[in-house]
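File shown here: entry-v5.txt, holding compact mmCIF, C-alpha atoms.
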```
# COMPACT_ATOMS: atom_id res chain seq x y z
CA MET E 747 125.89 59.93 137.08
CA THR E 748 128.16 62.90 137.71
CA LYS E 749 127.95 65.46 140.46
CA THR E 750 129.11 69.02 140.00
CA THR E 751 130.74 71.02 142.76
CA TYR E 752 130.27 74.36 140.97
CA ARG E 753 128.75 77.12 143.06
CA ALA E 754 127.95 80.67 142.01
CA LYS E 755 130.09 83.36 143.59
CA ARG E 756 128.20 84.83 146.49
CA LEU E 757 128.71 88.42 147.59
CA ASN E 758 127.69 89.95 150.85
CA ALA E 759 126.17 93.40 151.06
CA ALA E 760 129.49 95.00 151.94
CA ARG E 761 131.30 93.63 148.86
CA ARG E 762 128.42 94.02 146.38
CA LYS E 763 128.53 96.96 143.98
CA ILE E 764 125.87 98.28 141.61
CA LEU E 765 126.57 99.64 138.13
CA ASN E 766 123.79 101.73 136.61
CA VAL E 767 123.65 101.58 132.80
CA ASN E 768 121.55 104.47 131.55
CA ARG E 769 121.85 103.62 127.89
CA PHE E 770 122.78 100.21 126.48
CA GLY E 771 124.60 100.37 123.14
CA GLY E 772 124.82 96.68 122.26
CA LEU E 773 127.84 94.49 121.58
CA ASP E 774 131.29 96.11 121.10
CA LEU E 775 133.90 93.93 119.37
CA SER E 776 135.94 96.79 117.92
CA ASN E 777 137.78 97.62 121.16
CA GLN E 778 139.71 95.64 123.75
CA LYS E 779 137.45 94.29 126.46
CA PHE E 780 139.02 96.48 129.15
CA ASN E 781 138.36 99.58 127.01
CA VAL E 782 134.67 98.88 126.40
CA SER E 783 132.36 101.46 127.96
CA ALA E 784 129.96 100.51 130.72
CA GLY E 785 127.01 100.80 128.37
CA ARG E 786 128.31 98.20 125.90
CA ALA E 787 128.48 94.40 126.11
CA ILE E 788 131.75 92.45 125.58
CA ASP E 789 130.20 89.06 124.74
CA SER E 790 127.21 87.97 122.70
CA LYS E 791 126.33 85.01 124.94
CA ASP E 792 123.06 85.56 126.72
CA PHE E 793 123.23 84.79 130.46
CA TYR E 794 120.59 85.08 133.15
CA LEU E 795 120.26 84.29 136.83
CA LYS E 796 118.38 81.07 137.52
CA ASP E 797 118.34 79.20 140.85
CA ASN E 798 120.89 81.72 142.15
CA VAL E 799 123.32 80.60 139.44
CA LEU E 800 124.36 82.55 136.34
CA GLN E 801 123.29 80.34 133.40
CA VAL E 802 123.14 80.53 129.62
CA ARG E 803 119.63 81.39 128.47
CA GLU E 804 117.76 78.38 127.13
CA GLY E 805 116.74 78.02 123.51
CA PHE E 806 113.32 78.29 121.90
CA GLU E 807 110.51 75.88 122.62
CA GLU E 808 108.90 74.22 119.59
CA LEU E 809 105.15 74.79 119.81
CA TYR E 810 104.05 73.29 116.50
CA ASP E 811 105.60 71.40 113.60
CA VAL E 812 104.21 72.64 110.28
CA ALA E 813 104.32 69.82 107.74
CA PRO E 814 105.15 70.45 104.04
CA GLN E 815 102.03 70.96 101.94
CA GLU E 816 101.58 70.11 98.26
CA PHE E 817 99.33 72.51 96.34
CA ILE E 818 98.52 74.01 92.93
CA ALA E 819 98.80 77.77 92.37
CA LEU E 820 95.81 80.06 91.76
CA ASP E 821 95.90 82.98 89.34
CA PHE E 822 95.52 86.28 91.20
CA LYS E 823 93.38 87.93 88.49
CA THR E 824 91.16 85.10 87.25
CA ASN E 825 91.00 83.21 90.57
CA ALA E 826 91.36 80.02 88.52
CA LYS E 827 94.17 77.50 88.28
CA VAL E 828 97.33 78.95 86.76
CA GLU E 829 97.75 77.84 83.16
CA ASN E 830 100.07 74.83 82.87
CA ALA E 831 100.33 74.76 86.65
CA THR E 832 102.45 72.08 88.29
CA VAL E 833 102.32 70.58 91.75
CA ILE E 834 104.33 72.62 94.27
CA GLU E 835 105.60 71.47 97.66
CA ASN E 836 105.46 74.23 100.21
CA PRO E 837 108.59 74.60 102.39
CA VAL E 838 108.21 75.29 106.11
CA LYS E 839 110.29 78.47 106.37
CA PHE E 840 108.64 81.17 108.50
CA ASN E 841 108.69 84.48 106.59
CA GLY E 842 106.46 86.55 108.87
CA ILE E 843 103.78 86.40 111.54
CA TRP E 844 101.25 89.08 112.53
CA LYS E 845 98.36 89.54 114.94
CA PHE E 846 95.44 91.94 114.61
CA VAL E 847 91.84 92.48 115.63
CA GLY E 848 89.55 91.81 112.65
CA GLU E 849 86.25 93.32 111.64
CA ASP E 850 84.60 90.65 113.80
CA ASP E 851 86.38 92.20 116.83
CA GLN E 852 88.28 88.96 117.42
CA LEU E 853 92.06 88.58 117.70
CA HIS E 854 93.59 86.75 114.73
CA PHE E 855 97.09 85.42 114.01
CA VAL E 856 98.33 85.06 110.42
CA ALA E 857 101.65 83.50 109.38
CA HIS E 858 103.45 83.46 106.04
CA ILE E 859 105.18 80.08 105.76
CA GLY E 860 106.99 79.18 102.56
CA TYR E 861 104.71 80.18 99.68
CA LEU E 862 101.45 80.06 101.63
CA LEU E 863 99.50 81.92 104.29
CA TYR E 864 98.16 80.21 107.41
CA GLU E 865 95.73 81.24 110.12
CA ILE E 866 96.94 80.22 113.59
CA LYS E 867 94.12 79.14 115.86
CA ASN E 868 94.24 78.54 119.63
CA PHE E 869 97.46 80.53 119.80
CA GLY E 870 99.32 80.16 123.11
CA THR E 871 97.63 76.87 124.04
CA LYS E 872 98.47 73.20 123.62
CA GLU E 873 95.68 72.94 121.04
CA ILE E 874 97.40 75.32 118.60
CA VAL E 875 96.51 74.63 114.95
CA PHE E 876 97.83 76.05 111.65
CA GLU E 877 95.08 76.20 109.00
CA LEU E 878 95.66 77.17 105.37
CA LEU E 879 94.27 80.63 104.69
CA ALA E 880 91.98 80.40 101.66
CA ASN E 881 88.55 81.55 100.51
CA ASP E 882 87.33 78.04 99.75
CA THR E 883 88.42 74.42 99.66
CA ARG E 884 88.72 73.99 95.90
CA THR E 885 90.98 71.17 94.71
CA ASP E 886 92.46 69.88 91.48
CA THR E 887 93.61 66.39 90.53
CA ALA E 888 97.12 65.83 89.20
CA ASP E 889 99.16 62.62 89.09
CA GLY E 890 96.15 60.82 90.48
CA LYS E 891 96.22 62.91 93.68
CA THR E 892 93.91 65.72 94.79
CA ARG E 893 95.54 68.94 96.00
CA ARG E 894 94.33 72.36 97.19
CA LEU E 895 94.19 75.41 94.90
CA LEU E 896 95.93 78.27 96.75
CA TYR E 897 97.53 81.66 96.17
CA LYS E 898 101.30 81.33 95.88
CA PHE E 899 103.51 84.12 97.28
CA GLU E 900 107.28 84.55 97.30
CA ASN E 901 109.24 82.38 99.73
CA GLN E 902 111.07 85.30 101.33
CA ARG E 903 110.68 87.67 104.23
CA THR E 904 107.48 89.66 103.72
CA PHE E 905 105.73 92.59 105.34
CA ALA E 906 102.20 93.46 106.38
CA PHE E 907 100.44 96.25 108.25
CA VAL E 908 97.07 96.66 109.96
CA GLY E 909 94.48 99.25 108.95
CA SER E 910 90.69 99.48 109.36
CA LYS E 911 90.72 96.10 111.16
CA MET E 912 92.22 94.41 108.09
CA LEU E 913 95.68 93.00 107.40
CA TRP E 914 97.33 94.43 104.27
CA PHE E 915 99.87 91.87 103.09
CA LEU E 916 102.80 92.48 100.71
CA GLY E 917 103.54 89.02 99.37
CA GLY E 918 106.50 89.85 97.16
CA ASN E 919 104.44 89.31 94.00
CA HIS E 920 101.01 90.66 94.90
CA TYR E 921 99.34 93.10 97.29
CA MET E 922 96.56 91.38 99.28
CA VAL E 923 94.01 92.28 101.92
CA ILE E 924 93.07 89.74 104.60
CA ARG E 925 89.71 90.17 106.30
CA PHE E 926 87.77 88.41 109.05
CA ASN E 927 84.27 89.85 108.89
CA GLY E 928 82.12 86.75 109.13
CA ASP E 929 82.15 86.17 105.35
CA THR E 930 83.94 82.84 105.00
CA GLN E 931 84.11 83.20 101.22
CA HIS E 932 86.35 86.26 101.14
CA LYS E 933 89.12 86.05 103.70
CA ILE E 934 91.90 86.97 101.29
CA GLN E 935 91.67 89.04 98.09
CA PRO E 936 93.95 91.07 95.80
CA VAL E 937 93.81 94.78 96.60
CA GLU E 938 93.93 95.62 92.89
CA ASP E 939 90.42 96.48 91.62
CA ASN E 940 88.93 95.37 94.93
CA GLU E 941 85.58 96.80 96.00
CA ILE E 942 87.24 98.43 99.02
CA THR E 943 90.10 99.97 97.02
CA PHE E 944 90.02 103.77 97.06
CA VAL E 945 88.63 105.28 93.83
CA PRO E 946 90.08 108.80 93.45
CA LYS E 947 88.18 111.87 92.27
CA THR E 948 90.70 112.98 89.65
CA SER E 949 88.85 115.98 88.15
CA ILE E 950 86.12 118.26 89.45
CA GLY E 951 84.00 121.06 88.00
CA ILE E 952 84.10 119.77 84.41
CA THR E 953 81.92 122.08 82.30
CA TYR E 954 80.58 121.32 78.85
CA THR E 955 82.69 121.84 75.75
CA ASN E 956 81.69 125.42 74.89
CA ALA E 957 80.79 126.69 78.37
CA GLN E 958 80.97 130.40 79.13
CA VAL E 959 83.16 129.85 82.20
CA PRO E 960 85.45 126.78 82.04
CA ASN E 961 85.98 125.61 85.59
CA ARG E 962 87.60 122.17 85.56
CA GLU E 963 90.30 121.41 88.13
CA LEU E 964 92.52 118.45 88.91
CA LEU E 965 92.08 116.98 92.39
CA ASP E 966 93.42 113.48 93.20
CA TYR E 967 96.11 111.48 91.46
CA PRO E 968 94.95 108.27 89.73
CA ASN E 969 95.22 105.17 91.89
CA MET E 970 97.34 102.51 90.17
CA LEU E 971 95.55 99.81 92.17
CA THR E 972 92.24 100.42 90.42
CA MET E 973 91.16 101.03 86.85
CA PHE E 974 88.37 103.31 88.08
CA ARG E 975 88.32 107.04 88.72
CA ARG E 976 85.62 109.62 89.44
CA ASN E 977 84.87 112.91 87.66
CA THR E 978 82.36 115.54 88.71
CA LEU E 979 80.56 117.69 86.13
CA LEU E 980 79.29 121.26 86.49
CA SER E 981 76.23 122.45 84.57
CA GLY E 982 74.23 125.66 84.45
CA VAL E 983 77.11 127.95 83.46
CA GLY E 984 75.66 128.74 80.01
CA LYS E 985 77.09 128.28 76.54
CA ASN E 986 79.47 130.67 74.86
CA GLU E 987 77.45 132.06 71.95
CA GLU E 988 80.58 133.38 70.23
CA SER E 989 82.26 130.01 70.19
CA LEU E 990 82.85 128.54 66.75
CA LEU E 991 82.38 125.10 68.24
CA ASP E 992 78.64 124.51 68.27
CA THR E 993 77.27 121.30 69.77
CA GLU E 994 73.72 120.00 69.64
CA TYR E 995 73.94 118.52 73.13
CA PHE E 996 75.80 119.37 76.30
CA GLU E 997 79.09 117.52 75.80
CA TYR E 998 81.53 116.84 78.60
CA VAL E 999 85.13 115.71 78.06
CA LEU E 1000 86.30 113.45 80.87
CA ASP E 1001 89.94 113.19 81.94
CA GLY E 1002 90.35 109.60 80.76
CA SER E 1003 89.09 107.03 78.28
CA LEU E 1004 86.26 104.67 79.10
CA LEU E 1005 87.89 101.28 79.63
CA THR E 1006 86.91 97.78 80.66
CA LYS E 1007 89.14 95.10 82.11
CA SER E 1008 89.36 93.43 78.70
CA ASN E 1009 88.97 96.61 76.57
CA GLU E 1010 88.93 94.37 73.50
CA LEU E 1011 87.96 95.52 70.02
CA SER E 1012 86.70 93.49 67.10
CA GLY E 1013 86.62 95.18 63.72
CA GLY E 1014 87.14 98.56 65.40
CA VAL E 1015 84.17 98.18 67.76
CA PRO E 1016 84.03 96.81 71.34
CA THR E 1017 83.36 93.10 71.70
CA ASP E 1018 80.16 91.83 73.31
CA GLU E 1019 82.00 91.39 76.61
CA ALA E 1020 83.33 94.96 76.47
CA GLN E 1021 79.89 96.35 75.56
CA LYS E 1022 78.35 94.61 78.57
CA ALA E 1023 80.98 96.24 80.75
CA PHE E 1024 80.33 99.65 79.16
CA SER E 1025 76.61 99.28 79.85
CA LYS E 1026 77.39 99.33 83.58
CA ILE E 1027 78.94 102.79 83.32
CA HIS E 1028 76.43 105.36 84.52
CA LEU E 1029 76.19 109.08 85.03
CA ILE E 1030 74.95 110.44 88.34
CA ILE E 1031 73.37 113.90 88.19
CA ARG E 1032 73.14 115.79 91.48
CA GLU E 1033 72.58 119.34 92.57
CA ARG E 1034 75.75 121.33 93.07
CA GLY E 1035 75.41 121.35 96.83
CA GLU E 1036 75.24 117.53 96.90
CA ILE E 1037 78.54 116.92 95.12
```

Have the structure of the file written as structure tokens, please.
Amino acid sequence: MTKTTYRAKRLNAARRKILNVNRFGGLDLSNQKFNVSAGRAIDSKDFYLKDNVLQVREGFEELYDVAPQEFIALDFKTNAKVENATVIENPVKFNGIWKFVGEDDQLHFVAHIGYLLYEIKNFGTKEIVFELLANDTRTDTADGKTRRLLYKFENQRTFAFVGSKMLWFLGGNHYMVIRFNGDTQHKIQPVEDNEITFVPKTSIGITYTNAQVPNRELLDYPNMLTMFRRNTLLSGVGKNEESLLDTEYFEYVLDGSLLTKSNELSGGVPTDEAQKAFSKIHLIIRERGEI
């Protein structure tokens, strides 16, 4: 056992001086220490006063040890196992951590660790738990072992932002939205072609082909995160009797082709799957004041 005789230098009121630093500019290693301005530091060591002694600030406290997790990757579009998928071991590198109030008005903590996302529960307590963030508990068997099916993101520093009580996560390979609204089946989903993704109104006032007064105008830009767009049509403007283009019906030309996610053709005609998708396309007719 050793005993130290070190004592901090004590100053009485008469010898004590106060230096006011209005603006701190950080560490300055480009000048000699005696030339450094009062608003700059000369050393990067972090000291603080504890027990009336100037001491080096202590390190971080480990709150939880996240163990490596083996998993199998999910496809972002099909939500099924990636073709020819192999077993992946998730590293425990922290790439980001965020907190936000969800649609359930509760505070949530989400962390990106390695390739995976975790929800942190009981944050700030001794009962802290890291749970894998997933929509379900699906598994797949490989090498005689059962492993979780999970979305795989890039193992690098990532970014996220909060909007409308949802966390919008940029995973390096896909844009995701994380929600806590009481629906345990849909915590995390791709933003692309999501039901909450903004569908722009790209053209308005589209009149029929041989209308007396053409009135179509461009409004919003197409949204690259969705295959859908909206057009509004304008009727009641009358046909141009002098037009050489005569049509039996009132024909409207939209500003884009009718597509499905597969958009497959067989022998020059849409496949059964594409035709089923086309059958869901509908035209809404409203009075002009309701548009």

At what distance in Å, to one decimal, does atom CA of Gln815 of chain E lie from atom CA of Lys839 of chain E? 12.0 Å

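For the atom pair formed by atom CA of Arg962 of chain E and atom CA of Glu988 of chain E, the distance is 20.2 Å, given to one decimal.
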
Quick one: distance from atom CA of Arg803 of chain E to atom CA of Ser783 of chain E in Å, one decimal? 23.8 Å

Need to verify the contact set: segment 887-896 of chain E, 6 Å, only C-alpha atoms, exclusion of same-chain residues closer than 5 positions in sequence. Can you return it as a compact mmCIF listing (two decimals) with C-alpha atoms, in the coordinates of the input?
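Saved the output as result14.txt:
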```
# COMPACT_ATOMS: atom_id res chain seq x y z
CA PHE E 817 99.33 72.51 96.34
CA ILE E 818 98.52 74.01 92.93
CA ALA E 819 98.80 77.77 92.37
CA LEU E 820 95.81 80.06 91.76
```

Specify the axis-aligned box that encloses all atoms of segment 770-783 of chain E listed in the file after padding of 3 Å on each side, stating its centre and edge lengths in Å to one decimal as AutoDock Vina command-line options.
```
--center_x 131.2 --center_y 97.7 --center_z 123.5 --size_x 22.9 --size_y 13.5 --size_z 17.2
```

Pick from E:Ile788, E:Gly771, E:Phe876, E:His858 nearest to Asp811 of chain E, counting only C-alpha atoms: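 The shortest atom-to-atom distance to Asp811 of chain E comes from E:Phe876.
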
Since the input lacks atoms, please generate N, CA and C atoms for segment 892-911 of chain E and provide them as a short mmCIF file (atom, residue, chain, number, x, y, z; two decimals), in the frame of the given file.
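To be explicit, this is the file written out as out_37.cif:
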```cif
data_model
loop_
_atom_site.label_atom_id
_atom_site.label_comp_id
_atom_site.auth_asym_id
_atom_site.auth_seq_id
_atom_site.Cartn_x
_atom_site.Cartn_y
_atom_site.Cartn_z
N THR E 892 94.68 64.47 94.67
CA THR E 892 93.91 65.72 94.79
C THR E 892 94.65 66.68 95.70
N ARG E 893 94.81 67.93 95.22
CA ARG E 893 95.54 68.94 96.00
C ARG E 893 94.77 70.25 96.02
N ARG E 894 95.02 71.08 97.03
CA ARG E 894 94.33 72.36 97.19
C ARG E 894 94.79 73.37 96.14
N LEU E 895 93.87 74.27 95.76
CA LEU E 895 94.19 75.41 94.90
C LEU E 895 94.37 76.62 95.81
N LEU E 896 95.59 77.21 95.81
CA LEU E 896 95.93 78.27 96.75
C LEU E 896 96.75 79.36 96.09
N TYR E 897 96.68 80.57 96.64
CA TYR E 897 97.53 81.66 96.17
C TYR E 897 98.97 81.38 96.57
N LYS E 898 99.88 81.56 95.63
CA LYS E 898 101.30 81.33 95.88
C LYS E 898 102.03 82.68 95.97
N PHE E 899 102.72 82.91 97.10
CA PHE E 899 103.51 84.12 97.28
C PHE E 899 105.00 83.77 97.23
N GLU E 900 105.85 84.78 97.34
CA GLU E 900 107.28 84.55 97.30
C GLU E 900 107.75 83.95 98.63
N ASN E 901 108.68 83.00 98.54
CA ASN E 901 109.24 82.38 99.73
C ASN E 901 110.41 83.24 100.22
N GLN E 902 110.08 84.36 100.82
CA GLN E 902 111.07 85.30 101.33
C GLN E 902 110.43 86.11 102.44
N ARG E 903 111.25 86.86 103.16
CA ARG E 903 110.68 87.67 104.23
C ARG E 903 109.71 88.69 103.65
N THR E 904 108.52 88.77 104.23
CA THR E 904 107.48 89.66 103.72
C THR E 904 107.01 90.60 104.82
N PHE E 905 106.18 91.56 104.42
CA PHE E 905 105.73 92.59 105.34
C PHE E 905 104.22 92.73 105.26
N ALA E 906 103.64 93.22 106.33
CA ALA E 906 102.20 93.46 106.38
C ALA E 906 101.95 94.55 107.41
N PHE E 907 100.81 95.23 107.27
CA PHE E 907 100.44 96.25 108.25
C PHE E 907 98.92 96.19 108.44
N VAL E 908 98.48 96.72 109.58
CA VAL E 908 97.07 96.66 109.96
C VAL E 908 96.43 98.02 109.73
N GLY E 909 95.24 98.03 109.15
CA GLY E 909 94.48 99.25 108.95
C GLY E 909 93.01 98.93 108.76
N SER E 910 92.14 99.69 109.45
CA SER E 910 90.69 99.48 109.36
C SER E 910 90.30 98.04 109.71
N LYS E 911 90.99 97.46 110.70
CA LYS E 911 90.72 96.10 111.16
C LYS E 911 90.93 95.07 110.07
#
```
